[in-house]
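Data file: structure_11.txt. Format and content: compact mmCIF, C-alpha atoms and all ligand atoms.
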```txt
# COMPACT_ATOMS: atom_id res chain seq x y z
CA MET A 1073 6.38 31.44 -52.94
CA ASN A 1074 9.25 29.55 -54.53
CA GLU A 1075 7.70 26.10 -55.08
CA GLU A 1076 10.93 24.22 -55.63
CA ALA A 1077 12.52 25.67 -52.51
CA GLU A 1078 9.33 24.92 -50.57
CA ASP A 1079 9.53 21.26 -51.54
CA LEU A 1080 13.13 21.01 -50.34
CA LEU A 1081 12.27 22.92 -47.20
CA VAL A 1082 9.50 20.46 -46.31
CA ARG A 1083 11.95 17.58 -46.67
CA GLY A 1084 14.61 19.46 -44.74
CA VAL A 1085 12.29 20.17 -41.82
CA ALA A 1086 10.97 16.60 -41.78
CA THR A 1087 14.46 15.10 -41.67
CA ALA A 1088 15.54 17.63 -39.02
CA LYS A 1089 12.59 16.64 -36.82
CA ASN A 1090 13.46 13.04 -37.48
CA LYS A 1091 16.97 13.65 -36.10
CA GLU A 1092 18.77 13.11 -39.39
CA PRO A 1093 21.04 16.17 -39.34
CA GLU A 1094 23.11 15.34 -42.43
CA GLU A 1095 20.04 14.82 -44.63
CA ALA A 1096 18.40 17.92 -43.20
CA ARG A 1097 21.43 20.09 -43.85
CA HIS A 1098 21.61 18.81 -47.42
CA TYR A 1099 18.02 19.81 -48.24
CA LEU A 1100 18.06 23.08 -46.35
CA GLU A 1101 21.26 24.36 -47.94
CA TRP A 1102 19.94 23.30 -51.33
CA ALA A 1103 16.72 25.24 -50.71
CA LEU A 1104 18.76 28.33 -49.81
CA ARG A 1105 20.63 28.16 -53.13
CA LEU A 1106 17.34 28.46 -55.05
CA ASP A 1107 16.69 32.08 -54.10
CA PRO A 1108 13.75 31.38 -51.77
CA ASP A 1109 11.53 34.17 -50.46
CA PRO A 1110 12.32 35.77 -47.04
CA SER A 1111 9.99 33.59 -44.96
CA GLN A 1112 11.41 30.43 -46.57
CA THR A 1113 14.93 31.70 -46.00
CA GLN A 1114 14.26 32.27 -42.32
CA GLU A 1115 12.64 28.88 -41.96
CA ALA A 1116 15.71 27.24 -43.51
CA TRP A 1117 18.04 29.20 -41.20
CA TYR A 1118 16.03 28.19 -38.18
CA TRP A 1119 16.21 24.48 -38.99
CA LEU A 1120 19.90 24.75 -39.85
CA SER A 1121 20.41 26.19 -36.37
CA GLU A 1122 18.41 23.28 -34.94
CA VAL A 1123 20.54 20.59 -36.59
CA SER A 1124 23.87 22.30 -35.99
CA ILE A 1125 25.94 21.09 -33.05
CA ASP A 1126 28.45 23.93 -33.26
CA PRO A 1127 27.33 26.75 -30.91
CA THR A 1128 29.01 29.46 -33.01
CA GLU A 1129 27.31 28.29 -36.17
CA LYS A 1130 23.97 27.88 -34.35
CA ARG A 1131 24.25 31.44 -33.06
CA SER A 1132 25.02 32.88 -36.47
CA TRP A 1133 21.92 31.26 -38.04
CA LEU A 1134 19.76 32.60 -35.23
CA GLU A 1135 21.26 36.06 -35.43
CA ASN A 1136 20.57 36.09 -39.17
CA ILE A 1137 16.90 35.49 -38.45
CA LEU A 1138 16.78 38.18 -35.80
CA ALA A 1139 18.44 40.68 -38.13
CA TYR A 1140 15.44 40.23 -40.42
CA ASN A 1141 12.85 40.00 -37.72
CA PRO A 1142 13.93 40.97 -34.17
CA GLY A 1143 10.64 39.62 -32.83
CA ASP A 1144 11.00 36.03 -34.01
CA ALA A 1145 10.01 34.23 -30.81
CA ARG A 1146 11.45 30.87 -31.84
CA ALA A 1147 14.86 32.33 -32.64
CA ARG A 1148 14.94 34.45 -29.49
CA ARG A 1149 14.05 31.44 -27.40
CA SER A 1150 16.79 29.29 -28.97
CA LEU A 1151 19.30 32.07 -28.47
CA ALA A 1152 18.27 32.39 -24.82
CA ILE A 1153 18.91 28.66 -24.36
CA LEU A 1154 22.28 29.02 -26.07
CA ASP A 1155 23.16 31.90 -23.74
CA GLY A 1156 22.14 29.86 -20.70
CA LYS A 1157 19.33 32.32 -19.86
CA LEU A 1158 16.61 29.75 -20.37
CA ASN A 1159 16.63 26.18 -19.14
CA PRO A 1160 15.02 23.92 -21.78
CA ALA A 1161 13.58 21.80 -18.95
CA GLU A 1162 11.52 24.79 -17.82
CA ILE A 1163 9.84 25.37 -21.18
CA ILE A 1164 6.16 24.58 -20.93
CA ASP A 1165 3.02 24.24 -22.93
CA PRO A 1166 1.01 27.23 -21.72
CA ASP A 1167 -2.30 25.46 -22.27
CA LYS A 1168 -1.43 22.79 -19.75
CA VAL A 1169 -0.22 25.05 -16.97
CA LYS A 1170 -3.55 26.66 -16.16
CA GLN A 1171 -4.89 23.45 -14.70
CA GLN A 1172 -2.32 23.19 -11.92
CA ALA A 1173 -4.01 22.72 -8.58
CA ALA A 1174 -3.29 25.13 -5.79
CA GLY A 1175 -2.62 22.44 -3.19
CA SER A 1176 -2.81 22.88 0.55
CA PRO A 1177 -1.21 25.87 2.26
CA GLN A 1178 2.55 25.74 2.73
CA THR A 1179 4.46 27.12 5.63
CA ALA A 1180 5.52 30.66 4.91
CA ASP A 1181 9.09 31.85 5.08
CA ALA A 1182 8.56 35.37 6.33
CA ARG A 1183 10.68 38.01 7.96
CA ARG A 1184 9.46 39.50 11.24
CA PHE A 1185 10.38 43.11 11.93
CA ILE A 1186 11.22 43.68 15.58
CA CYS A 1187 13.18 46.37 17.37
CA PRO A 1188 16.70 45.21 18.28
CA LYS A 1189 16.52 47.35 21.45
CA CYS A 1190 13.14 46.61 22.99
CA GLY A 1191 11.55 43.88 20.87
CA GLY A 1192 8.74 46.22 19.80
CA ARG A 1193 7.31 46.30 16.32
CA MET A 1194 9.35 48.07 13.65
CA THR A 1195 7.18 49.83 11.10
CA TYR A 1196 8.22 51.43 7.84
CA THR A 1197 7.79 55.20 8.25
CA PRO A 1198 6.27 56.76 5.12
CA ASP A 1199 9.25 59.03 4.53
CA GLY A 1200 11.28 56.76 2.27
CA LEU A 1201 14.07 56.70 4.83
CA SER A 1202 13.59 54.52 7.86
CA LEU A 1203 11.92 51.94 10.05
CA THR A 1204 10.73 53.15 13.44
CA CYS A 1205 10.01 51.19 16.63
CA GLU A 1206 6.50 51.94 17.81
CA TYR A 1207 7.49 51.60 21.49
CA CYS A 1208 10.92 53.13 22.01
CA ALA A 1209 11.04 55.17 18.78
CA ALA A 1210 14.40 53.65 17.76
CA HIS A 1211 15.21 54.34 14.10
CA GLU A 1212 16.75 52.04 11.56
CA PRO A 1213 17.75 53.92 8.41
CA ILE A 1214 17.14 52.32 5.03
CA THR A 1215 19.81 53.03 2.46
CA PRO A 1216 18.31 52.13 -0.88
CA ASP A 1217 20.34 50.29 -3.46
CA LYS A 1218 21.38 52.73 -6.14
CA ASN A 1219 21.11 50.12 -8.88
CA GLN A 1220 18.40 50.53 -11.46
CA PRO A 1221 16.08 47.58 -10.80
CA GLY A 1222 16.63 44.89 -13.43
CA ASN A 1223 14.26 43.92 -16.20
CA GLN A 1224 13.33 40.40 -17.23
CA ASP A 1225 13.21 39.19 -20.83
CA PHE A 1226 9.55 38.88 -21.77
CA LEU A 1227 9.89 36.05 -24.28
CA ILE A 1228 12.00 33.95 -21.96
CA VAL A 1229 9.51 34.27 -19.13
CA MET A 1230 6.61 33.51 -21.47
CA ALA A 1231 8.36 30.28 -22.48
CA THR A 1232 8.29 29.09 -18.87
CA ALA A 1233 5.47 28.41 -16.42
CA LYS A 1234 6.15 31.72 -14.64
CA GLY A 1235 4.59 33.61 -17.54
CA HIS A 1236 1.31 31.74 -17.31
CA ILE A 1237 0.37 31.38 -13.69
CA ALA A 1238 -0.75 33.82 -11.07
CA PRO A 1239 -0.18 32.97 -7.41
CA THR A 1240 -2.65 30.42 -6.05
CA GLN A 1241 -0.62 29.11 -3.14
CA ALA A 1242 -1.82 30.13 0.31
CA TYR A 1243 0.65 30.13 3.21
CA THR A 1244 0.33 29.40 6.87
CA LEU A 1245 2.38 31.30 9.35
CA VAL A 1246 3.06 30.61 13.01
CA CYS A 1247 3.60 33.93 14.77
CA GLN A 1248 6.95 34.06 16.52
CA GLY A 1249 5.51 36.63 18.92
CA CYS A 1250 2.47 34.82 20.28
CA GLY A 1251 2.36 31.41 18.61
CA ALA A 1252 -0.92 32.06 16.83
CA ASN A 1253 -1.36 30.27 13.51
CA PHE A 1254 -2.87 32.14 10.59
CA ILE A 1255 -3.14 32.13 6.81
CA LEU A 1256 -1.76 34.43 4.15
CA LEU A 1257 -3.89 34.58 1.03
CA PRO A 1258 -2.06 33.83 -2.25
CA GLN A 1259 -1.76 37.48 -3.25
CA GLU A 1260 -0.61 38.78 0.16
CA LEU A 1261 3.03 39.66 0.66
CA THR A 1262 2.69 41.03 4.18
CA ILE A 1263 0.68 40.29 7.28
CA THR A 1264 0.31 41.74 10.71
CA CYS A 1265 -0.52 39.25 13.46
CA PRO A 1266 -4.11 40.00 14.53
CA TYR A 1267 -3.31 38.98 18.12
CA CYS A 1268 0.05 40.51 19.01
CA GLY A 1269 0.60 42.90 16.09
CA SER A 1270 3.91 41.43 14.88
CA ALA A 1271 4.70 42.59 11.34
CA TYR A 1272 5.74 39.98 8.75
CA VAL A 1273 6.87 40.26 5.13
CA LEU A 1274 7.07 37.15 2.97
CA LYS A 1275 10.62 36.44 1.84
CA SER A 1276 11.22 36.36 -1.90
CA GLN A 1277 12.39 32.75 -1.81
CA ALA A 1278 8.84 31.72 -0.96
CA LEU A 1279 7.80 32.98 -4.39
CA ARG A 1280 10.47 31.13 -6.33
CA ASN A 1281 8.10 29.58 -8.86
CA LEU A 1282 6.54 32.94 -9.55
CA ILE A 1283 7.73 36.26 -10.86
CA GLN A 1284 9.11 38.20 -7.93
CA PRO A 1285 8.73 41.93 -7.46
CA SER A 1286 11.95 43.54 -8.56
CA ALA A 1287 11.27 47.12 -7.59
CA VAL A 1288 9.30 49.15 -5.10
CA LEU A 1289 8.40 52.81 -4.98
CA PRO A 1290 8.60 53.75 -1.30
CA LEU A 1291 5.47 55.23 0.25
CA VAL A 1292 6.21 58.84 1.18
CA VAL A 1293 2.72 60.23 1.79
CA SER A 1294 1.67 59.90 5.42
CA GLU A 1295 -1.89 59.24 6.53
CA SER A 1296 -2.43 62.86 7.53
CA GLN A 1297 -1.05 64.13 4.21
CA ALA A 1298 -3.36 61.74 2.38
CA GLN A 1299 -6.31 62.97 4.44
CA GLN A 1300 -5.42 66.58 3.68
CA ALA A 1301 -5.16 65.87 -0.05
CA LEU A 1302 -8.55 64.16 -0.03
CA HIS A 1303 -10.07 66.99 1.99
CA ASP A 1304 -8.84 69.56 -0.55
CA TRP A 1305 -10.04 67.44 -3.44
CA LEU A 1306 -13.54 67.11 -1.99
CA GLN A 1307 -13.54 70.82 -1.13
CA SER A 1308 -12.64 71.77 -4.69
CA ARG A 1309 -15.73 69.85 -5.77
CA HIS A 1310 -17.88 71.42 -3.05
CA LEU A 1311 -18.49 68.01 -1.61
CA ARG A 1312 -16.95 68.26 1.81
CA MET A 1313 -20.26 68.58 3.67
CA LEU A 1314 -22.09 65.98 1.66
CA VAL A 1315 -20.05 62.91 2.24
CA HIS A 1316 -18.73 60.40 4.67
CA VAL A 1317 -15.17 59.18 4.19
CA SER A 1318 -14.12 55.71 5.40
CA LYS A 1319 -10.80 55.28 7.14
CA GLY A 1320 -8.13 54.99 4.47
CA VAL A 1321 -5.52 52.31 4.17
CA GLY A 1322 -2.02 52.69 2.78
CA VAL A 1323 -1.11 49.76 0.52
CA TYR A 1324 1.43 48.61 -2.01
CA LEU A 1325 -0.21 47.22 -5.14
CA PRO A 1326 1.52 45.36 -7.97
CA PHE A 1327 1.91 46.65 -11.52
CA TRP A 1328 3.68 45.31 -14.58
CA ASP A 1329 6.16 47.75 -16.02
CA PHE A 1330 6.88 47.00 -19.71
CA ASN A 1331 9.44 48.13 -22.25
CA ILE A 1332 8.13 47.98 -25.77
CA SER A 1333 10.16 48.34 -28.95
CA GLY A 1334 10.15 47.57 -32.66
CA GLN A 1335 8.25 49.51 -35.26
CA VAL A 1336 4.77 50.66 -36.16
CA SER A 1337 3.79 51.31 -39.77
CA TRP A 1338 0.70 52.84 -41.30
CA ARG A 1339 -1.00 53.27 -44.65
CA TYR A 1340 -3.50 55.84 -45.83
CA GLN A 1341 -4.80 57.50 -48.94
CA VAL A 1342 -4.62 61.13 -50.00
CA GLN A 1343 -6.30 62.83 -52.89
CA GLU A 1344 -4.08 64.07 -55.71
CA GLN A 1345 -6.19 65.83 -58.31
CA LYS A 1346 -8.99 63.33 -58.83
CA ASN A 1347 -7.28 60.16 -57.64
CA TRP A 1348 -6.78 58.69 -54.21
CA VAL A 1349 -3.14 57.73 -53.87
CA ASP A 1350 -1.67 55.25 -51.37
CA GLN A 1351 0.86 56.59 -48.89
CA SER A 1352 2.65 54.98 -45.97
CA GLY A 1353 4.91 55.76 -43.07
CA LEU A 1354 6.68 54.11 -40.20
CA ASP A 1355 8.11 54.93 -36.82
CA VAL A 1356 10.68 53.22 -34.66
CA VAL A 1357 9.19 52.45 -31.26
CA TYR A 1358 11.05 52.57 -28.01
CA LEU A 1359 8.74 53.03 -25.08
CA SER A 1360 9.77 52.32 -21.52
CA ASN A 1361 7.74 52.22 -18.31
CA ILE A 1362 4.40 51.33 -19.87
CA LEU A 1363 2.39 50.29 -16.82
CA ALA A 1364 -0.46 47.79 -16.67
CA PRO A 1365 -2.24 46.74 -13.46
CA ALA A 1366 -1.25 43.38 -11.98
CA THR A 1367 -3.99 43.83 -9.42
CA THR A 1368 -7.75 43.69 -9.83
CA ARG A 1369 -8.36 45.99 -6.87
CA LEU A 1370 -8.55 49.30 -8.74
CA CYS A 1371 -11.85 50.52 -10.16
CA LYS A 1372 -11.87 52.04 -13.62
CA ALA A 1373 -12.14 55.59 -12.37
CA CYS A 1374 -9.04 55.09 -10.21
CA LEU A 1375 -6.85 53.64 -12.96
CA PRO A 1376 -5.52 57.02 -14.16
CA VAL A 1377 -3.44 56.98 -10.95
CA LEU A 1378 -1.08 54.81 -13.03
CA GLN A 1379 0.03 57.78 -15.11
CA SER A 1380 0.82 59.87 -12.05
CA TYR A 1381 3.90 58.09 -10.67
CA ASN A 1382 7.46 59.20 -11.23
CA LEU A 1383 9.11 55.83 -11.80
CA LYS A 1384 12.62 57.27 -11.66
CA ALA A 1385 12.26 56.93 -7.89
CA LEU A 1386 11.88 53.13 -8.05
CA VAL A 1387 14.38 51.26 -5.89
CA ASP A 1388 15.34 47.59 -5.76
CA TYR A 1389 12.69 45.51 -4.00
CA ASP A 1390 13.39 45.63 -0.28
CA LEU A 1391 11.16 43.97 2.34
CA ARG A 1392 11.75 46.79 4.82
CA TYR A 1393 9.60 49.28 2.89
CA LEU A 1394 6.68 46.91 3.40
CA SER A 1395 6.95 46.39 7.15
CA ASN A 1396 3.51 46.76 8.71
CA TRP A 1397 1.89 47.91 5.42
CA PRO A 1398 -0.44 45.70 3.40
CA ALA A 1399 1.20 44.62 0.14
CA GLU A 1400 0.05 42.33 -2.61
CA THR A 1401 1.62 40.44 -5.44
CA TYR A 1402 0.09 39.93 -8.85
CA GLN A 1403 -3.28 38.42 -9.71
CA VAL A 1404 -3.12 39.29 -13.40
CA GLU A 1405 -0.69 37.17 -15.43
CA VAL A 1406 2.09 38.99 -17.21
CA GLY A 1407 0.97 37.69 -20.62
CA ASP A 1408 -2.54 39.08 -20.18
CA ALA A 1409 -1.22 42.40 -18.92
CA SER A 1410 1.16 42.67 -21.88
CA LEU A 1411 -1.87 42.94 -24.17
CA ASP A 1412 -3.05 45.99 -22.21
CA ALA A 1413 0.43 47.47 -22.40
CA ARG A 1414 0.54 46.96 -26.17
CA GLN A 1415 -2.78 48.82 -26.45
CA THR A 1416 -1.38 51.70 -24.43
CA ALA A 1417 1.78 51.77 -26.54
CA LEU A 1418 -0.18 51.66 -29.76
CA ALA A 1419 -2.35 54.56 -28.62
CA VAL A 1420 0.81 56.60 -27.95
CA GLU A 1421 2.22 55.71 -31.36
CA LYS A 1422 -1.04 56.46 -33.15
CA GLN A 1423 -1.12 59.91 -31.64
CA ARG A 1424 2.45 60.49 -32.75
CA ALA A 1425 1.66 59.25 -36.26
CA GLN A 1426 -1.44 61.43 -36.61
CA GLN A 1427 0.84 64.45 -36.72
CA LYS A 1428 2.60 63.08 -39.78
CA VAL A 1429 -0.57 62.17 -41.68
CA PRO A 1430 -2.41 64.89 -43.63
CA VAL A 1431 -5.75 65.86 -42.12
CA ALA A 1432 -7.57 65.05 -45.35
CA ALA A 1433 -6.21 61.48 -45.49
CA LYS A 1434 -8.65 58.58 -45.46
CA ASN A 1435 -8.47 54.85 -44.73
CA LEU A 1436 -5.69 55.20 -42.18
CA VAL A 1437 -4.62 51.70 -41.05
CA PHE A 1438 -1.93 50.82 -38.54
CA ASP A 1439 0.20 47.71 -38.43
CA SER A 1440 1.71 47.01 -35.03
CA SER A 1441 2.77 43.41 -35.69
CA CYS A 1442 6.44 44.43 -35.47
CA MET A 1443 5.97 46.13 -32.11
CA LEU A 1444 7.24 43.87 -29.35
CA VAL A 1445 7.14 43.56 -25.62
CA ASP A 1446 10.83 43.41 -24.95
CA SER A 1447 11.26 43.22 -21.21
CA PHE A 1448 9.35 43.92 -18.04
CA LYS A 1449 9.50 44.01 -14.29
CA LEU A 1450 7.00 43.60 -11.49
CA VAL A 1451 6.84 46.77 -9.40
CA LEU A 1452 5.00 47.65 -6.21
CA LEU A 1453 3.53 51.14 -6.10
CA PRO A 1454 2.15 52.88 -3.00
CA LEU A 1455 -1.30 54.34 -2.64
CA TRP A 1456 -3.92 55.17 -0.10
CA MET A 1457 -7.33 53.66 -0.74
CA THR A 1458 -10.61 54.78 0.71
CA CYS A 1459 -14.28 54.90 0.01
CA VAL A 1460 -16.50 57.97 -0.04
CA SER A 1461 -20.25 57.71 0.48
CA ARG A 1462 -22.79 60.34 -0.45
CA GLU A 1463 -25.83 61.40 1.53
CA ASP A 1464 -28.03 59.36 -0.79
CA GLY A 1465 -26.04 56.24 0.11
CA ARG A 1466 -24.09 55.96 -3.14
CA LYS A 1467 -20.43 55.09 -2.72
CA PHE A 1468 -17.33 55.34 -4.79
CA ASP A 1469 -13.67 54.48 -4.45
CA VAL A 1470 -10.97 57.07 -4.18
CA VAL A 1471 -7.22 56.49 -4.36
CA ILE A 1472 -4.43 58.84 -3.42
CA ASN A 1473 -1.03 58.42 -5.03
CA GLY A 1474 1.38 57.43 -2.22
CA GLN A 1475 4.23 59.29 -3.90
CA THR A 1476 2.60 62.54 -5.05
CA ALA A 1477 -0.66 62.75 -3.04
CA GLN A 1478 -2.71 63.26 -6.23
CA VAL A 1479 -6.31 62.10 -5.84
CA PHE A 1480 -8.26 59.95 -8.30
CA GLY A 1481 -11.82 58.75 -8.21
CA GLU A 1482 -15.23 59.13 -9.66
CA TRP A 1483 -17.93 61.63 -9.03
CA ASP A 1484 -20.79 61.92 -11.44
ZN ZN B 1501 12.15 49.65 20.38
ZN ZN B 1502 1.28 37.16 17.14
```

Translate this file's structure into structure tokens.
Ligand SMILES: [Zn+2]
Ligand SMILES: [Zn+2]
Amino acid sequence: MNEEAEDLLVRGVATAKNKEPEEARHYLEWALRLDPDPSQTQEAWYWLSEVSIDPTEKRSWLENILAYNPGDARARRSLAILDGKLNPAEIIDPDKVKQQAAGSPQTADARRFICPKCGGRMTYTPDGLSLTCEYCAAHEPITPDKNQPGNQDFLIVMATAKGHIAPTQAYTLVCQGCGANFILLPQELTITCPYCGSAYVLKSQALRNLIQPSAVLPLVVSESQAQQALHDWLQSRHLRMLVHVSKGVGVYLPFWDFNISGQVSWRYQVQEQKNWVDQSGLDVVYLSNILAPATTRLCKACLPVLQSYNLKALVDYDLRYLSNWPAETYQVEVGDASLDARQTALAVEKQRAQQKVPVAAKNLVFDSSCMLVDSFKLVLLPLWMTCVSREDGRKFDVVINGQTAQVFGEWD
């Protein structure tokens, strides 16, 4: 560390925090002239950006920092404010958010799906194409938006309360069909009136303080197709006669879909003659569609279903795909899930790196500190869930991918 520069830097930062911009600039620029080390340089740039009132100058300091270190959270956050993508008033202290009380249920703003011809219930047909009236069979086609569903900037969301809370607000709903009053649990996005069968989907506006789903993969596996797939799966394990299968339910469950970028580096040692010699390598990371569960409903044995979706078929979130199907929003916070996603990404990168490292190498160590969660979206994926019980009374969960009809579950 450059001691002299450090001394000036300390004064520069103190005066900047004390709102004395001229003093601060004086010390910080002085520190920069003394050939400080990279971390001192970036610190000086950051505080110069803080004291500057000229947006162009501010931006250029911040961009300097990001050129060195694209993952610098402080610089990215300041740049997001400068770009108007982040409202400083919404920045929170994550440790204080957790304590927010849930409060009493609010009235839900939900859309009811009824047939324009006969007033019957309109249900999403698991074909990806239409809603159908259960009484007069009228069809309403769904033309999906061709846009690629948008991603959200991870660091910006993590700077606001949205990144740190999962839904805790319950809703009450008065059925427009029969007047009955009932409650939606915090994670529920849809409800079917238990008395008259009206189908409701919560409107996105109701979730405005939370992260809203931005994409949905339409369910295209019907109940009978799911049953057939399960039948074949059990048959292939010679289990058909031994078990009882509960009635399955088609649901949409929430998942976080992350894009991860940056770089991963590694070090190892190889033997050259009698000495062990240090070697290193690095890889640029760009991984998209790394999924992590936002639900706690899936058992461990069912989690591999995550790898079985073709996410190219995602469409913009549209309430109609959910009509008369259970659907949930997230119960796992995006920050927590991002740790899982990083693990998954690191495992992928490690495998890739192994091919570049000699087999006889030892002490292989990875550094993933420059690998970043860049952006993400909340997606709803379709599946059929059921439970299989054996003759001896033991049970296990089975899920069937609602897009491909692949079956996942445990059988020991
Ligand atoms: Zn109808
Ligand atoms: Zn009702």

Write out as CSV the residues of chain A that have any atom within 12 Å of an atom of ligand ZN 1501 (chain B), one row each with the nearest atom pair and its distance in Å to one decimal, counting all atoms listed in the file, sorted by chain and then rising number.
```
residue,atom,partner,partner_atom,distance
A:Phe1185,CA,B:ZN1501,ZN,10.8
A:Ile1186,CA,B:ZN1501,ZN,7.7
A:Cys1187,CA,B:ZN1501,ZN,4.6
A:Pro1188,CA,B:ZN1501,ZN,6.7
A:Lys1189,CA,B:ZN1501,ZN,5.1
A:Cys1190,CA,B:ZN1501,ZN,4.1
A:Gly1191,CA,B:ZN1501,ZN,5.8
A:Gly1192,CA,B:ZN1501,ZN,4.9
A:Arg1193,CA,B:ZN1501,ZN,7.2
A:Met1194,CA,B:ZN1501,ZN,7.5
A:Thr1195,CA,B:ZN1501,ZN,10.5
A:Leu1203,CA,B:ZN1501,ZN,10.6
A:Thr1204,CA,B:ZN1501,ZN,7.9
A:Cys1205,CA,B:ZN1501,ZN,4.6
A:Glu1206,CA,B:ZN1501,ZN,6.6
A:Tyr1207,CA,B:ZN1501,ZN,5.2
A:Cys1208,CA,B:ZN1501,ZN,4.0
A:Ala1209,CA,B:ZN1501,ZN,5.9
A:Ala1210,CA,B:ZN1501,ZN,5.3
A:His1211,CA,B:ZN1501,ZN,8.4
A:Glu1212,CA,B:ZN1501,ZN,10.2
```

Can you tell me which residues come within 7 Å of ligand ZN 1502 (chain B) when counting only C-alpha atoms and all ligand atoms, ideally as number ranges by chain? A: 1247-1252, 1265-1270

Could you write out that same residue set with C-alpha atoms as a tab-separated table (two decimals), in the frame of the given file?
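Everything below was put into selection_17.tsv:
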```
chain	number	residue	atom	x	y	z
A	1247	CYS	CA	3.60	33.93	14.77
A	1248	GLN	CA	6.95	34.06	16.52
A	1249	GLY	CA	5.51	36.63	18.92
A	1250	CYS	CA	2.47	34.82	20.28
A	1251	GLY	CA	2.36	31.41	18.61
A	1252	ALA	CA	-0.92	32.06	16.83
A	1265	CYS	CA	-0.52	39.25	13.46
A	1266	PRO	CA	-4.11	40.00	14.53
A	1267	TYR	CA	-3.31	38.98	18.12
A	1268	CYS	CA	0.05	40.51	19.01
A	1269	GLY	CA	0.60	42.90	16.09
A	1270	SER	CA	3.91	41.43	14.88
```

Could you check which of A:Leu1450, A:Cys1371, A:Val1349, A:Leu1386 is closest to Gln1475 of chain A, using only C-alpha atoms?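 Checking each candidate against Gln1475 of chain A, we get A:Leu1386 as the closest.
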
Would you pick out the contacts of Pro1110 of chain A at 10 Å or less, using all atoms listed in the file, so that residues sharing its chain but fewer than 5 positions from it are not included, and give the list as a PDB file with C-alpha atoms, keeping the file's coordinate frame?
```
ATOM      1  CA  MET A1073       6.380  31.440 -52.940  1.00  0.00           C
ATOM      2  CA  GLU A1115      12.640  28.880 -41.960  1.00  0.00           C
ATOM      3  CA  ALA A1116      15.710  27.240 -43.510  1.00  0.00           C
ATOM      4  CA  ILE A1137      16.900  35.490 -38.450  1.00  0.00           C
ATOM      5  CA  TYR A1140      15.440  40.230 -40.420  1.00  0.00           C
TER       6      TYR A1140
END
```

Which segment 1360-1420 of chain A residues have any atom within 6 Å of an atom of segment 1320-1328 of chain A, and for each, what is the nearest pair of atoms with distance in Å to one decimal, counting all atoms listed in the file, rows sorted by chain and number, as JSON lines?
```
{"residue": "A:Leu1363", "atom": "CA", "partner": "A:Trp1328", "partner_atom": "CA", "distance": 5.6}
{"residue": "A:Ala1364", "atom": "CA", "partner": "A:Trp1328", "partner_atom": "CA", "distance": 5.3}
{"residue": "A:Pro1365", "atom": "CA", "partner": "A:Phe1327", "partner_atom": "CA", "distance": 4.6}
{"residue": "A:Ala1366", "atom": "CA", "partner": "A:Phe1327", "partner_atom": "CA", "distance": 4.6}
{"residue": "A:Thr1367", "atom": "CA", "partner": "A:Pro1326", "partner_atom": "CA", "distance": 5.9}
{"residue": "A:Pro1398", "atom": "CA", "partner": "A:Val1323", "partner_atom": "CA", "distance": 5.0}
{"residue": "A:Ala1399", "atom": "CA", "partner": "A:Tyr1324", "partner_atom": "CA", "distance": 4.5}
{"residue": "A:Glu1400", "atom": "CA", "partner": "A:Leu1325", "partner_atom": "CA", "distance": 5.5}
{"residue": "A:Thr1401", "atom": "CA", "partner": "A:Pro1326", "partner_atom": "CA", "distance": 5.5}
{"residue": "A:Tyr1402", "atom": "CA", "partner": "A:Pro1326", "partner_atom": "CA", "distance": 5.7}
```

Of the candidates A:Arg1414, A:Ser1176, A:Glu1122, A:Glu1078, which one gets nearest to Glu1092 of chain A if we count only C-alpha atoms? A:Glu1122

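Pairwise distance (atom CA of Ala1271 of chain A, atom CA of Pro1221 of chain A) equals 25.4 Å.
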
What does the structure give for the distance between atom CA of Ala1433 of chain A and atom CA of Val1420 of chain A, in Å to one decimal?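 Atom-to-atom, atom CA of Ala1433 of chain A and atom CA of Val1420 of chain A are spaced 19.5 Å apart.
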
When you count all atoms listed in the file, which of these residues is closest to Pro1198 of chain A: A:Leu1274, A:Leu1394, A:Leu1378, A:Ala1145? A:Leu1394

Considering all atoms listed in the file, return as a list in words whatever protein or nucleic-acid residues lie within 9 Å of Leu1245 of chain A, sequence-local ones (same chain, fewer than 2 positions apart) excluded.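 Residues near the query, excluding close chain neighbours: Gln1178, Thr1179, Ala1180, Asp1181, Ala1182, Tyr1243, Cys1247, Gln1248, Ala1252, Asn1253, Phe1254, Ile1255 and Leu1256 of chain A.
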
Give me the residues near Ile1214 of chain A as a short mmCIF file (atom, residue, chain, number, x, y, z; two decimals) with C-alpha atoms, in the coordinates of the input, where near means some atom within 10 Å (using only C-alpha atoms) and where sequence neighbours in that chain fewer than 4 positions away do not count.
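After the write, result_35.cif holds the following:
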```
data_model
loop_
_atom_site.label_atom_id
_atom_site.label_comp_id
_atom_site.auth_asym_id
_atom_site.auth_seq_id
_atom_site.Cartn_x
_atom_site.Cartn_y
_atom_site.Cartn_z
CA TYR A 1196 8.22 51.43 7.84
CA GLY A 1200 11.28 56.76 2.27
CA LEU A 1201 14.07 56.70 4.83
CA SER A 1202 13.59 54.52 7.86
CA LEU A 1203 11.92 51.94 10.05
CA ASP A 1390 13.39 45.63 -0.28
CA ARG A 1392 11.75 46.79 4.82
CA TYR A 1393 9.60 49.28 2.89
#
```

Quick check, in Å to one decimal: how far apart do atom CA of Leu1453 of chain A and atom CA of Val1377 of chain A lie? 10.3 Å

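Ranking A:Ala1385, A:Phe1468, A:Ser1150, A:Leu1081 by their shortest atom-to-atom distance to Lys1372 of chain A, with all atoms listed in the file included, puts A:Phe1468 first.
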
Which is closest to Lys1275 of chain A among A:Tyr1358, A:Tyr1099, A:Trp1305, A:Tyr1389, if we use all atoms listed in the file? A:Tyr1389
